Amino acid sequence: MDRNQATGLILFAAVILVYSFFFASTPEIPEVETATTTQTESIQSNAANQPAVTETISENDSTLDAARLAKYGALASITIGKEETLTLENDVILVEISSKGAQVKKVILKEYKSWKMEPLELFNQESSKMDFLIESKNGPLDLNDLYFTPSVESSQNEDGETIQTLTLKAGTESGQIIQTFTLADGSYQVHKSFEVDRYQSVFTGNALSLTWEDQVIAQESNLAESRRQAQLNYYTTSESFDNLGAGNDLETETIPEPVKWVGFSQRFFTAAMIADTEFQSVTITQSTPEADSTIVRNMATSLSIPLQDGKAGFTYYFGPDQYNTLKKVTNGFEENVDMGYFFVSWVNKYIIVNLFAFLEKFFTNYGVIIIIIVFLIKLALFPLTYKSYIGMAKMRVIKPEIDELKEKYGDDATKMQQEQMKLFSKLGVSPISGCLPMVLQMPFLFAMFFFFPNAIELRQESFLWANDLSTYDVFFKLPFTIPFYGSHVSMFTLLMTVSQIIYTHFNNQLTTATGPMKNLGYIMPVMFMFILNSYPAGLSFYYFVSNMVTFGQQALIKLFVDDEKIRAKVEESKAKNVNKKKSKFQQKLEDAMKAADTNRKK
């Protein structure tokens, strides 16, 4: 009995007592008709030898039924019942569904644990609320007010997979409302269908209205990183992916076109709804409860699901943000994993993701997998590394000629550039021959900056002193906080910094860089030490191993590349190009330099 029923019982008991005292001659006990046998037994057990109270409940029930009838009309009888919790479960997910409203109450991902090593509840009835409404002649009807009768059955599809189907029905003589949940083995997708059977003239709307509010539960120890990567994503029917910004302030957006899916995505997991056809009138909202460390972000959406012949359907996705898994769900769903900007995302999507998936079949230690990936990538890029080294070696052996030009034309920058171009052409040396191969390798370097912070494969995987490669390793805690650095020392980041400084020192011996450009190579590693100290240990470890392998490759190349032989080739090119005519490009470049110099002097 809830508070309203108790209040009504007391009020009507008072009315009946007053009536009996002033108007009734004898305290006759009328026969009581109640809605259900269970309700009658409960009343009798709690009101023995209290005829006035029993009569009050009878009067109360009739009054409540009248109010219920006024509010729900033909559906009044299915707003009374007992709530049950039903379970759909396979090997990867457990979903609890209430018979009251046919609402999803809880979702547990069975293959994962929270950072506290507790069962990972993606959401529960305390953190998430869904309200489905449909227009009726008595006003908006909240499906959460209805009680459904459940039945569960299993079947097999064409692939031999077991399919569990939970059917919930609520009806009267005038018709019934049917809601169905379907879950296949090994799937994170739960399909839901809604159907109104008959009930002519009872329902006046042609769409289901949904409001879904979710307090995204923190699953990771690094709350700041989780909030940074949490996003409310959506994908329109015109195949356009977008999201609401990741700021802390309250943000609201009304999407001007129909939407295919909406996803509440945190760092490694997503709860989403995918339309069978489309969602209309979609509004999304998010904010960050900065004072509550148990919640990553508050996310909400309101939308309309069109009804066709009284039917509608959509699919829930409750699962990990694993690229290959999401790619199989629906168009654009893999965008819930941030693979980086377009010029680097192809490296992650087509190379790194598949490399990880392949190596996982043979190795269980992800530190080893990272090392192998570094070696494979460096081996594939070795021709570029070799060309880069040779290009820098050529620039190094012609340094005396360049120094002579600097002494001769040092005060005239334009003339210096013109003479340098002539020298490069005569000697058969390209000033960008050492840089271009390095530039071509940059997408691989930057791709990792996006891959590792979003790689669920590394989540809670340990290696050496790092307990979790998906977050920073804490080699030791500091008794104070350093601005822009933190209060801990990440050993992998420190090793990466030292290796980069060593590599820079070695590289400077191979180039002609001087002054600020030479010193910049030492400044950058220190800057990245501050930036990456709170980034995933897997990322810093990758860069560290990559630096060491590159260092080894260049040391190996140096053993087989003789500067004297390179000088001999340069002299050979010099002899061949004595009478060589200028190319059209070179002539245009010289003309442009002369024009610029003339305008400058004017």
# chains A, B, ... in the order shown; residues from 1 in each chain; ligands from 1
call {"tool": "residues_around", "arguments": {"residues": "Val545 of chain A", "least_positions_apart": "6", "cutoff": "9 Å", "atoms": "only C-alpha atoms", "output": "list in words"}}
result
Ile370, Ile371, Val374, Phe375, Met496 and Ser499 of chain A
call {"tool": "residues_around", "arguments": {"residues": "Ile80 of chain A", "least_positions_apart": "4", "cutoff": "10 Å", "atoms": "only C-alpha atoms", "output": "number ranges by chain"}}
result
A: 35-36, 65, 68, 75-76, 100, 145-148
call {"tool": "write_last_selection", "arguments": {"atoms": "C-alpha atoms", "output": "PDB file, in the first residue's frame"}}
result
ATOM      1  CA  ALA A  35     -10.756  -6.067  -7.678  1.00  0.00           C
ATOM      2  CA  THR A  36      -8.725  -9.220  -7.008  1.00  0.00           C
ATOM      3  CA  ASP A  65     -11.860   2.897  -9.798  1.00  0.00           C
ATOM      4  CA  ARG A  68      -8.927   5.537 -12.700  1.00  0.00           C
ATOM      5  CA  LEU A  75      -7.470   0.850 -20.199  1.00  0.00           C
ATOM      6  CA  ALA A  76      -8.286   1.354 -16.501  1.00  0.00           C
ATOM      7  CA  LYS A 100       5.190  -2.643 -15.338  1.00  0.00           C
ATOM      8  CA  ASP A 145       1.342   2.965 -15.850  1.00  0.00           C
ATOM      9  CA  LEU A 146       0.304  -0.328 -17.468  1.00  0.00           C
ATOM     10  CA  TYR A 147       0.889  -3.851 -16.158  1.00  0.00           C
ATOM     11  CA  PHE A 148       1.808  -6.507 -18.695  1.00  0.00           C
TER      12      PHE A 148
END
call {"tool": "residues_around", "arguments": {"residues": "Ile402 of chain A", "least_positions_apart": "6", "cutoff": "10 Å", "atoms": "only C-alpha atoms", "output": "ChimeraX atom specification"}}
result
/A:395-396,408,416,419-420,423-424,512
call {"tool": "write_last_selection", "arguments": {"atoms": "N, CA, C and O atoms", "output": "mmCIF file, in the first residue's frame"}}
result
data_model
loop_
_atom_site.group_PDB
_atom_site.id
_atom_site.type_symbol
_atom_site.label_atom_id
_atom_site.label_comp_id
_atom_site.auth_asym_id
_atom_site.auth_seq_id
_atom_site.Cartn_x
_atom_site.Cartn_y
_atom_site.Cartn_z
ATOM 1 N N MET A 395 72.595 15.845 -47.644
ATOM 2 C CA MET A 395 72.656 17.228 -47.176
ATOM 3 C C MET A 395 73.874 17.436 -46.287
ATOM 4 O O MET A 395 74.484 18.511 -46.278
ATOM 5 N N ARG A 396 74.227 16.389 -45.555
ATOM 6 C CA ARG A 396 75.371 16.508 -44.647
ATOM 7 C C ARG A 396 76.690 16.597 -45.427
ATOM 8 O O ARG A 396 77.564 17.391 -45.072
ATOM 9 N N LYS A 408 79.298 33.869 -48.711
ATOM 10 C CA LYS A 408 79.315 34.746 -49.879
ATOM 11 C C LYS A 408 78.049 35.594 -49.996
ATOM 12 O O LYS A 408 78.104 36.773 -50.358
ATOM 13 N N MET A 416 70.800 34.144 -51.743
ATOM 14 C CA MET A 416 71.242 32.910 -51.079
ATOM 15 C C MET A 416 70.324 31.751 -51.468
ATOM 16 O O MET A 416 70.792 30.646 -51.796
ATOM 17 N N GLU A 419 70.951 30.738 -55.164
ATOM 18 C CA GLU A 419 72.204 29.999 -55.343
ATOM 19 C C GLU A 419 72.113 28.596 -54.741
ATOM 20 O O GLU A 419 72.698 27.645 -55.274
ATOM 21 N N GLN A 420 71.370 28.485 -53.647
ATOM 22 C CA GLN A 420 71.180 27.154 -53.048
ATOM 23 C C GLN A 420 70.412 26.249 -54.010
ATOM 24 O O GLN A 420 70.750 25.073 -54.166
ATOM 25 N N LEU A 423 72.711 25.085 -56.616
ATOM 26 C CA LEU A 423 73.632 24.080 -56.073
ATOM 27 C C LEU A 423 72.936 22.730 -55.954
ATOM 28 O O LEU A 423 73.503 21.700 -56.339
ATOM 29 N N PHE A 424 71.730 22.721 -55.414
ATOM 30 C CA PHE A 424 70.990 21.456 -55.257
ATOM 31 C C PHE A 424 70.752 20.796 -56.610
ATOM 32 O O PHE A 424 70.886 19.576 -56.763
ATOM 33 N N THR A 512 71.994 18.870 -40.921
ATOM 34 C CA THR A 512 72.730 20.141 -40.947
ATOM 35 C C THR A 512 72.003 21.210 -40.123
ATOM 36 O O THR A 512 72.325 22.394 -40.221
#
call {"tool": "residues_around", "arguments": {"residues": "Tyr341 of chain A", "least_positions_apart": "3", "cutoff": "10 Å", "atoms": "only C-alpha atoms", "output": "JSON, numbers by chain"}}
result
{"A": [338, 344, 345, 346, 443, 446, 447, 450]}
call {"tool": "write_last_selection", "arguments": {"atoms": "all heavy atoms", "output": "PDB file, in the first residue's frame"}}
result
ATOM      1  N   ASP A 338      36.253   7.123 -31.473  1.00  0.00           N
ATOM      2  CA  ASP A 338      36.982   8.206 -32.135  1.00  0.00           C
ATOM      3  C   ASP A 338      38.322   7.681 -32.644  1.00  0.00           C
ATOM      4  O   ASP A 338      39.234   7.419 -31.878  1.00  0.00           O
ATOM      5  CB  ASP A 338      37.207   9.355 -31.145  1.00  0.00           C
ATOM      6  CG  ASP A 338      37.867  10.559 -31.802  1.00  0.00           C
ATOM      7  OD1 ASP A 338      38.040  10.551 -33.039  1.00  0.00           O
ATOM      8  OD2 ASP A 338      38.215  11.513 -31.077  1.00  0.00           O
ATOM      9  N   VAL A 344      44.296  10.636 -40.544  1.00  0.00           N
ATOM     10  CA  VAL A 344      44.957   9.580 -39.765  1.00  0.00           C
ATOM     11  C   VAL A 344      44.011   8.434 -39.430  1.00  0.00           C
ATOM     12  O   VAL A 344      44.463   7.337 -39.079  1.00  0.00           O
ATOM     13  CB  VAL A 344      45.555  10.137 -38.448  1.00  0.00           C
ATOM     14  CG1 VAL A 344      46.598  11.191 -38.725  1.00  0.00           C
ATOM     15  CG2 VAL A 344      44.479  10.672 -37.529  1.00  0.00           C
ATOM     16  N   SER A 345      42.696   8.667 -39.535  1.00  0.00           N
ATOM     17  CA  SER A 345      41.741   7.632 -39.113  1.00  0.00           C
ATOM     18  C   SER A 345      41.864   6.362 -39.947  1.00  0.00           C
ATOM     19  O   SER A 345      41.617   5.263 -39.444  1.00  0.00           O
ATOM     20  CB  SER A 345      40.308   8.172 -39.197  1.00  0.00           C
ATOM     21  OG  SER A 345      39.972   8.535 -40.521  1.00  0.00           O
ATOM     22  N   TRP A 346      42.258   6.492 -41.221  1.00  0.00           N
ATOM     23  CA  TRP A 346      42.386   5.304 -42.072  1.00  0.00           C
ATOM     24  C   TRP A 346      43.451   4.347 -41.539  1.00  0.00           C
ATOM     25  O   TRP A 346      43.327   3.124 -41.709  1.00  0.00           O
ATOM     26  CB  TRP A 346      42.702   5.715 -43.513  1.00  0.00           C
ATOM     27  CG  TRP A 346      44.020   6.429 -43.687  1.00  0.00           C
ATOM     28  CD1 TRP A 346      44.243   7.759 -43.604  1.00  0.00           C
ATOM     29  CD2 TRP A 346      45.292   5.818 -43.951  1.00  0.00           C
ATOM     30  NE1 TRP A 346      45.568   8.045 -43.797  1.00  0.00           N
ATOM     31  CE2 TRP A 346      46.234   6.873 -44.025  1.00  0.00           C
ATOM     32  CE3 TRP A 346      45.726   4.515 -44.143  1.00  0.00           C
ATOM     33  CZ2 TRP A 346      47.583   6.648 -44.274  1.00  0.00           C
ATOM     34  CZ3 TRP A 346      47.066   4.282 -44.394  1.00  0.00           C
ATOM     35  CH2 TRP A 346      47.978   5.343 -44.458  1.00  0.00           C
ATOM     36  N   PRO A 443      51.221  10.102 -40.341  1.00  0.00           N
ATOM     37  CA  PRO A 443      49.893   9.555 -40.016  1.00  0.00           C
ATOM     38  C   PRO A 443      49.928   8.392 -39.033  1.00  0.00           C
ATOM     39  O   PRO A 443      49.042   8.272 -38.184  1.00  0.00           O
ATOM     40  CB  PRO A 443      49.356   9.116 -41.390  1.00  0.00           C
ATOM     41  CG  PRO A 443      50.043  10.011 -42.360  1.00  0.00           C
ATOM     42  CD  PRO A 443      51.413  10.221 -41.793  1.00  0.00           C
ATOM     43  N   PHE A 446      50.610   9.930 -35.478  1.00  0.00           N
ATOM     44  CA  PHE A 446      49.465  10.626 -34.899  1.00  0.00           C
ATOM     45  C   PHE A 446      48.275   9.691 -34.674  1.00  0.00           C
ATOM     46  O   PHE A 446      47.458   9.921 -33.782  1.00  0.00           O
ATOM     47  CB  PHE A 446      49.046  11.792 -35.798  1.00  0.00           C
ATOM     48  CG  PHE A 446      49.992  12.952 -35.755  1.00  0.00           C
ATOM     49  CD1 PHE A 446      50.516  13.495 -36.919  1.00  0.00           C
ATOM     50  CD2 PHE A 446      50.376  13.512 -34.551  1.00  0.00           C
ATOM     51  CE1 PHE A 446      51.392  14.566 -36.881  1.00  0.00           C
ATOM     52  CE2 PHE A 446      51.256  14.584 -34.496  1.00  0.00           C
ATOM     53  CZ  PHE A 446      51.761  15.109 -35.663  1.00  0.00           C
ATOM     54  N   ALA A 447      48.163   8.659 -35.495  1.00  0.00           N
ATOM     55  CA  ALA A 447      47.036   7.728 -35.361  1.00  0.00           C
ATOM     56  C   ALA A 447      47.022   7.084 -33.977  1.00  0.00           C
ATOM     57  O   ALA A 447      45.960   6.860 -33.395  1.00  0.00           O
ATOM     58  CB  ALA A 447      47.104   6.664 -36.451  1.00  0.00           C
ATOM     59  N   PHE A 450      45.188   8.758 -31.109  1.00  0.00           N
ATOM     60  CA  PHE A 450      43.739   8.563 -31.022  1.00  0.00           C
ATOM     61  C   PHE A 450      43.383   7.118 -30.672  1.00  0.00           C
ATOM     62  O   PHE A 450      42.387   6.869 -29.997  1.00  0.00           O
ATOM     63  CB  PHE A 450      43.075   8.939 -32.349  1.00  0.00           C
ATOM     64  CG  PHE A 450      43.137  10.403 -32.651  1.00  0.00           C
ATOM     65  CD1 PHE A 450      44.156  10.927 -33.433  1.00  0.00           C
ATOM     66  CD2 PHE A 450      42.175  11.270 -32.145  1.00  0.00           C
ATOM     67  CE1 PHE A 450      44.215  12.280 -33.714  1.00  0.00           C
ATOM     68  CE2 PHE A 450      42.232  12.632 -32.422  1.00  0.00           C
ATOM     69  CZ  PHE A 450      43.254  13.140 -33.207  1.00  0.00           C
TER      70      PHE A 450
END
call {"tool": "residues_around", "arguments": {"residues": "segment 347-361 of chain A", "least_positions_apart": "2", "cutoff": "8 Å", "atoms": "only C-alpha atoms", "output": "number ranges by chain"}}
result
A: 323-324, 339, 344-345, 363-364, 369, 373, 443-444, 447-448, 451
call {"tool": "select_by_dssp", "arguments": {"residues": "segment 199-427 of chain A", "states": "helix (DSSP H, G or I)", "output": "VMD selection string"}}
result
chain A and resid 223 to 229 323 to 327 333 to 336 342 to 359 366 to 380 382 to 397 399 to 409 413 to 427
